[in-house]
Amino acid sequence: MGLLNQARVKTEKIIDTLYEPLKGKLGKKPKTYRNLARKNYLQVAKKRKPSRKEIRKAIRKQLQYLKRNLAHIDQLNQAGDGLEALSSTQYKSLLVVAEVYRQQQWMYDNKTSTIEDRIVSLSQPHIRPIVRGKAGTPVEFGAKLSVSLRDGYVFLDRIDWNNFNESGDLKAQVEAFKEATGVYPESVHVDRIYRTRSNRAFCKERGIRISGPPLGRPPAFVSDEKKKQAKEDERVRNAIEGKFGVSKRRFSLNRVMAKLSHTSQTAIAITFLVMNLSTLLRQVFCLFLCFQLSSHLFLGQLFTKVIIREIANNKSLSFLED
């Protein structure tokens, strides 16, 4: 209902713009009933808990107002010189409003609230609702990312505004690793959603060990070696989860203020680029400290071995950050 109200207001402004150069040709300005339409919207919007029947009735009225405005815009377009009087922003808004009207009318007629490529924002029509099922925010709005972590560096493999199953990206990520290094990885550490039969067969054919328990009924007895290996796999996999937290806490990934689709994608990509540069700078700084402390034989050798071991194991050097 709120989206239709915003769309109606935009069409009223477009009608005002198109009518301005046609004052001499046309007699009266097309009626939009904007005051009555706003009054009908506020009657329901100001209620704390409107019923479904009231909401549906309000949506029907807003659809009728919007349909009338679009018809007036078509008439003004034929009577004048087209849509040349509109700015690029207004023209884009008109296209979005027309699509919003089509989607909302179809959902109203079919008594449903879902439709493919549903528009939820007039200023950002590329954003789609993504159901995550979380306690605080069951539905999220924004780009969905598929990333991989290699040697402490984060690679942005896929970014999309529509919801997708990220398990389908595992094969491409493994092939990208082989293309970069020349060999397949020894093991991949993934979440439960990636452990599909197709991905397991793909990794098995290439001699790649995939983390997590095998399919089927859990065995009655698990050796201590397998338990230790599973614990180590989860410890390694937690690194990618930590990268998301660091990107939001330190690099403002959760505060992307860009409005357009391509500018938002650029801001997200730059965030991961800066993260990788920070990782590289930290490793270079560690090597610099190694050379500076090499004059102290015992302390320098001990410190150098610790740093090289931590870098080789791709672990965080938190004691240096303190």
# chains A, B, ... in the order shown; residues from 1 in each chain; ligands from 1

$ residues_around --residues "stretch 178-194 of chain A" --least-positions-apart "5" --cutoff "8 Å" --atoms "only C-alpha atoms" --output "number ranges by chain"
A: 166-168, 170, 199, 206-212, 233-234, 236-237

$ residues_around --residues "A:Glu84" --least-positions-apart "6" --cutoff "10 Å" --atoms "only C-alpha atoms" --output "list of chain:residue names"
A:Leu18, A:Asn77, A:Tyr91

$ write_last_selection --atoms "C-alpha atoms" --output "PDB file, in the first residue's frame"
ATOM      1  CA  LEU A  18       3.853  17.154 -18.953  1.00  0.00           C
ATOM      2  CA  ASN A  77       2.182  12.024 -24.268  1.00  0.00           C
ATOM      3  CA  TYR A  91      11.525   8.962 -17.121  1.00  0.00           C
TER       4      TYR A  91
END

$ select_by_dssp --residues "stretch 30-116 of chain A" --states "alpha helix (DSSP H)" --output "PyMOL selection string"
chain A and resi 34-45+52-79+88-110

$ write_last_selection --atoms "C-alpha atoms" --output "short mmCIF file (atom, residue, chain, number, x, y, z; two decimals), in the first residue's frame"
data_model
loop_
_atom_site.label_atom_id
_atom_site.label_comp_id
_atom_site.auth_asym_id
_atom_site.auth_seq_id
_atom_site.Cartn_x
_atom_site.Cartn_y
_atom_site.Cartn_z
CA ARG A 34 -4.58 13.64 -5.19
CA ASN A 35 -6.12 15.03 -2.01
CA LEU A 36 -8.75 12.32 -1.85
CA ALA A 37 -6.18 9.64 -2.67
CA ARG A 38 -3.89 10.79 0.14
CA LYS A 39 -6.83 10.90 2.55
CA ASN A 40 -7.80 7.32 1.67
CA TYR A 41 -4.22 6.19 2.18
CA LEU A 42 -3.82 7.88 5.57
CA GLN A 43 -7.09 6.46 6.86
CA VAL A 44 -5.54 2.99 6.80
CA ALA A 45 -1.85 3.84 7.22
CA ARG A 52 -6.65 -7.53 5.93
CA LYS A 53 -9.96 -6.46 4.44
CA GLU A 54 -9.16 -2.78 5.05
CA ILE A 55 -5.68 -3.15 3.58
CA ARG A 56 -7.00 -4.89 0.48
CA LYS A 57 -9.63 -2.20 -0.01
CA ALA A 58 -6.99 0.54 0.35
CA ILE A 59 -4.74 -1.24 -2.18
CA ARG A 60 -7.64 -1.43 -4.65
CA LYS A 61 -8.24 2.31 -4.35
CA GLN A 62 -4.56 3.14 -4.83
CA LEU A 63 -4.44 0.88 -7.88
CA GLN A 64 -7.40 2.74 -9.37
CA TYR A 65 -5.78 6.13 -8.75
CA LEU A 66 -2.52 4.92 -10.25
CA LYS A 67 -4.28 3.44 -13.29
CA ARG A 68 -6.06 6.75 -13.93
CA ASN A 69 -2.79 8.69 -13.64
CA LEU A 70 -1.00 6.40 -16.08
CA ALA A 71 -3.85 6.85 -18.55
CA HIS A 72 -3.55 10.65 -18.21
CA ILE A 73 0.20 10.42 -18.84
CA ASP A 74 -0.49 8.45 -22.01
CA GLN A 75 -2.96 11.09 -23.19
CA LEU A 76 -0.53 13.94 -22.47
CA ASN A 77 2.18 12.02 -24.27
CA GLN A 78 0.04 11.77 -27.42
CA ALA A 79 -1.14 15.39 -27.23
CA SER A 88 16.03 11.33 -16.99
CA THR A 89 15.09 10.68 -13.35
CA GLN A 90 11.38 11.17 -14.04
CA TYR A 91 11.52 8.96 -17.12
CA LYS A 92 13.20 6.18 -15.14
CA SER A 93 10.62 6.61 -12.37
CA LEU A 94 7.81 6.30 -14.92
CA LEU A 95 9.17 2.98 -16.16
CA VAL A 96 9.52 1.69 -12.61
CA VAL A 97 6.02 2.87 -11.66
CA ALA A 98 4.49 1.13 -14.68
CA GLU A 99 6.16 -2.13 -13.69
CA VAL A 100 5.09 -1.69 -10.05
CA TYR A 101 1.48 -1.20 -11.17
CA ARG A 102 1.61 -4.36 -13.29
CA GLN A 103 3.05 -6.44 -10.43
CA GLN A 104 0.70 -5.09 -7.77
CA GLN A 105 -2.37 -5.47 -10.00
CA TRP A 106 -1.42 -9.07 -10.77
CA MET A 107 -0.88 -9.86 -7.07
CA TYR A 108 -4.19 -8.19 -6.18
CA ASP A 109 -6.11 -10.15 -8.80
CA ASN A 110 -4.51 -13.45 -7.80
#

$ atom_distance --atom1 "atom CA of A:Phe155" --atom2 "atom CA of A:Lys305"
28.5 Å

$ select_by_dssp --residues "stretch 6-177 of chain A" --states "strand (DSSP E or B)" --output "list in words"
Pro129, Ile130, Val131, Val139, Glu140, Phe141, Lys144, Leu145, Ser146, Val147, Ser148, Leu149, Arg150, Tyr153, Val154, Phe155, Leu156, Asp157, Arg158, Ile159 and Asp160 of chain A

$ write_last_selection --atoms "N, CA and C atoms" --output "PDB file, in the first residue's frame"
ATOM      1  N   PRO A 129      13.626  -8.728  -1.997  1.00  0.00           N
ATOM      2  CA  PRO A 129      13.540  -9.276  -0.635  1.00  0.00           C
ATOM      3  C   PRO A 129      14.118 -10.689  -0.590  1.00  0.00           C
ATOM      4  N   ILE A 130      14.989 -10.933   0.379  1.00  0.00           N
ATOM      5  CA  ILE A 130      15.633 -12.233   0.547  1.00  0.00           C
ATOM      6  C   ILE A 130      15.238 -12.767   1.921  1.00  0.00           C
ATOM      7  N   VAL A 131      14.517 -13.861   1.949  1.00  0.00           N
ATOM      8  CA  VAL A 131      14.072 -14.461   3.204  1.00  0.00           C
ATOM      9  C   VAL A 131      15.232 -15.253   3.802  1.00  0.00           C
ATOM     10  N   VAL A 139      13.522 -11.135   6.926  1.00  0.00           N
ATOM     11  CA  VAL A 139      13.687 -10.762   5.520  1.00  0.00           C
ATOM     12  C   VAL A 139      14.739  -9.665   5.435  1.00  0.00           C
ATOM     13  N   GLU A 140      15.722  -9.849   4.549  1.00  0.00           N
ATOM     14  CA  GLU A 140      16.785  -8.873   4.355  1.00  0.00           C
ATOM     15  C   GLU A 140      16.719  -8.325   2.935  1.00  0.00           C
ATOM     16  N   PHE A 141      17.231  -7.108   2.776  1.00  0.00           N
ATOM     17  CA  PHE A 141      17.236  -6.432   1.480  1.00  0.00           C
ATOM     18  C   PHE A 141      18.672  -5.996   1.179  1.00  0.00           C
ATOM     19  N   LYS A 144      23.469 -10.216  -2.297  1.00  0.00           N
ATOM     20  CA  LYS A 144      23.915 -11.477  -1.719  1.00  0.00           C
ATOM     21  C   LYS A 144      25.266 -11.832  -2.320  1.00  0.00           C
ATOM     22  N   LEU A 145      26.215 -12.210  -1.464  1.00  0.00           N
ATOM     23  CA  LEU A 145      27.591 -12.423  -1.891  1.00  0.00           C
ATOM     24  C   LEU A 145      27.966 -13.885  -1.751  1.00  0.00           C
ATOM     25  N   SER A 146      28.850 -14.310  -2.636  1.00  0.00           N
ATOM     26  CA  SER A 146      29.473 -15.624  -2.537  1.00  0.00           C
ATOM     27  C   SER A 146      30.978 -15.400  -2.609  1.00  0.00           C
ATOM     28  N   VAL A 147      31.669 -15.675  -1.504  1.00  0.00           N
ATOM     29  CA  VAL A 147      33.099 -15.383  -1.410  1.00  0.00           C
ATOM     30  C   VAL A 147      33.843 -16.643  -1.004  1.00  0.00           C
ATOM     31  N   SER A 148      35.143 -16.622  -1.247  1.00  0.00           N
ATOM     32  CA  SER A 148      36.022 -17.720  -0.843  1.00  0.00           C
ATOM     33  C   SER A 148      37.273 -17.128  -0.211  1.00  0.00           C
ATOM     34  N   LEU A 149      37.898 -17.894   0.659  1.00  0.00           N
ATOM     35  CA  LEU A 149      39.081 -17.451   1.393  1.00  0.00           C
ATOM     36  C   LEU A 149      40.249 -18.345   1.021  1.00  0.00           C
ATOM     37  N   ARG A 150      41.347 -17.719   0.613  1.00  0.00           N
ATOM     38  CA  ARG A 150      42.533 -18.458   0.202  1.00  0.00           C
ATOM     39  C   ARG A 150      43.781 -17.731   0.690  1.00  0.00           C
ATOM     40  N   TYR A 153      43.366 -14.250   2.018  1.00  0.00           N
ATOM     41  CA  TYR A 153      42.811 -13.240   1.123  1.00  0.00           C
ATOM     42  C   TYR A 153      41.407 -13.656   0.699  1.00  0.00           C
ATOM     43  N   VAL A 154      40.510 -12.671   0.651  1.00  0.00           N
ATOM     44  CA  VAL A 154      39.110 -12.916   0.326  1.00  0.00           C
ATOM     45  C   VAL A 154      38.886 -12.628  -1.154  1.00  0.00           C
ATOM     46  N   PHE A 155      38.201 -13.555  -1.839  1.00  0.00           N
ATOM     47  CA  PHE A 155      37.904 -13.410  -3.256  1.00  0.00           C
ATOM     48  C   PHE A 155      36.389 -13.325  -3.431  1.00  0.00           C
ATOM     49  N   LEU A 156      35.934 -12.250  -4.058  1.00  0.00           N
ATOM     50  CA  LEU A 156      34.510 -12.045  -4.309  1.00  0.00           C
ATOM     51  C   LEU A 156      34.148 -12.771  -5.602  1.00  0.00           C
ATOM     52  N   ASP A 157      33.566 -13.945  -5.471  1.00  0.00           N
ATOM     53  CA  ASP A 157      33.281 -14.791  -6.625  1.00  0.00           C
ATOM     54  C   ASP A 157      31.958 -14.438  -7.305  1.00  0.00           C
ATOM     55  N   ARG A 158      30.993 -14.002  -6.524  1.00  0.00           N
ATOM     56  CA  ARG A 158      29.680 -13.722  -7.117  1.00  0.00           C
ATOM     57  C   ARG A 158      28.934 -12.710  -6.268  1.00  0.00           C
ATOM     58  N   ILE A 159      28.260 -11.794  -6.935  1.00  0.00           N
ATOM     59  CA  ILE A 159      27.406 -10.814  -6.262  1.00  0.00           C
ATOM     60  C   ILE A 159      26.129 -10.678  -7.083  1.00  0.00           C
ATOM     61  N   ASP A 160      25.010 -10.787  -6.412  1.00  0.00           N
ATOM     62  CA  ASP A 160      23.729 -10.780  -7.119  1.00  0.00           C
ATOM     63  C   ASP A 160      22.679 -10.166  -6.197  1.00  0.00           C
TER      64      ASP A 160
END

$ residues_around --residues "A:Lys25" --least-positions-apart "3" --cutoff "9 Å" --atoms "only C-alpha atoms" --output "VMD selection string"
chain A and resid 21 to 22 79 to 80
